[in-house]
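> Sending over a structure as structure tokens; questions will come in a sec.
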Amino acid sequence: MNDELEILRKRYARERLIRKQAEQIAEDKSRELFVKGQQLEEAIAAERLARQEVERLSNTDALTGLSNRRYFNVVSEREFGLAVRHKKPLSALMLDLDHFKLVNDTYGHAVGDRVLVEVAAVCLQTLRSTDLCARYGGEEICVLLPETGSAETSPVAARLLEAISSLAFEADDRRFAVTASIGVAERADDGDSLPALMKRSDDALYRAKKDGRNRIVISTPSMETTPAT
């Protein structure tokens, strides 16, 4: 009888040890899975952020931080479609720095880049968050203003001209300033197109340069332009 009890006690002790070991293994596995789950979530979040950063960089001009032309073309098509669908006004503003080649030739391209960076910052500070501002090429900046007619765009353009001309630069112990010319165009009737709108704003910009620079010209239907440099 005593031998049987001893056998039962040993069996119970062995089963309890096995059960404890199984529980410990299960707990360790559960902890391991939890840690791996956290690591997976962190990896997914990091990958998502990396993708967003890659997308942002692909849409951004590396020098100025403005949108690049490719991104502008994509978003402006969408905004133009929305304006047509909802019969909302839409304006385009084309800005070009006056005699910018002279800045590069006189002070060097590094100084010219600094001018572009500061002008871009002024644009971002002056415009609304809903406006799309892009470096369109060289020293040319293009802005699309949703739900805004040319009458409302003109004061914005005036603030941009004033802010840009107020910037002070220094290089080679010399101080200098820059000015800009701006062309403004508004979406016409439902037969209008985005390329036509952009061309009208560009034509207005060239008229501003032809008429003496450092000014704003609003596109009119009868406007004929001769490109200026």
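Residues in the structure tokens are numbered from 1 in each chain, the chains being A, B, ... in the order shown, and ligands are numbered from 1 in the order shown.
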Excluding region 166-179 of chain A and any residue of its chain fewer than 5 positions from it, enumerate the residues within 8 Å of it, using only C-alpha atoms, and give them as a compact mmCIF listing (two decimals) with C-alpha atoms, in the first residue's frame.

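Below is the file around_25.txt, written as the result:
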```
# COMPACT_ATOMS: atom_id res chain seq x y z
CA LEU A 97 12.41 86.66 -60.67
CA ASP A 98 13.64 89.64 -62.68
CA PHE A 100 17.96 86.41 -62.10
CA TYR A 107 27.47 86.54 -57.22
CA VAL A 111 24.06 82.88 -53.82
CA VAL A 115 17.85 83.76 -53.16
CA LEU A 161 5.83 91.37 -54.86
CA ARG A 213 9.11 94.07 -64.70
CA ASN A 214 8.39 94.22 -60.96
```
> Apply DSSP to the backbone of this structure and, from region 94-226 of chain A, keep only the residues in alpha helix (DSSP H); write these as a ChimeraX atom specification.
/A:100-107,109-126,150-166,194-210
> Using only C-alpha atoms, tabulate the residues of region 165-201 of chain A lying at most 8 Å from any atom of region 78-88 of chain A, each with its closest atom pair and that distance in Å to one decimal, by chain and increasing residue number, as a tab-separated table.

```
residue	atom	partner	partner_atom	distance
A:Asp190	CA	A:Val84	CA	6.2
A:Ser193	CA	A:Phe80	CA	8.0
A:Leu194	CA	A:Phe80	CA	6.5
```
> Report the residues of region 23-171 of chain A whose backbone DSSP state falls under strand (DSSP E), written as number ranges by chain.
A: 90-97, 132-137, 140-146, 169-171
> Could you check the closest approach to Gly183 (chain A) for each of A:Val143, A:Asp105, A:Tyr12, A:Thr130 and tell me which residue wins, using only C-alpha atoms?
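Selected residue with least distance to Gly183 (chain A): A:Val143.
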> In Å, how far is it from CA of Val75 (chain A) to CA of Ala151 (chain A)?
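A separation of 23.0 Å between them.
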> Under the rule that only C-alpha atoms are counted, which of A:Thr60, A:Ser150, A:Thr220, A:Ser129 is the nearest residue to Ala92 (chain A)?
A:Ser150
> Using only C-alpha atoms, which residues sit within 7 Å of region 196-212 of chain A once same-chain residues fewer than 2 positions away are excluded, as a PyMOL selection string?
chain A and resi 92-95+181-187+192-194+214-219+225-228
> What does the distance from CA of Ala134 (chain A) to CA of Ser67 (chain A) come to in Å, to one decimal?
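Atom-to-atom, CA of Ala134 (chain A) and CA of Ser67 (chain A) are spaced 4.3 Å apart.
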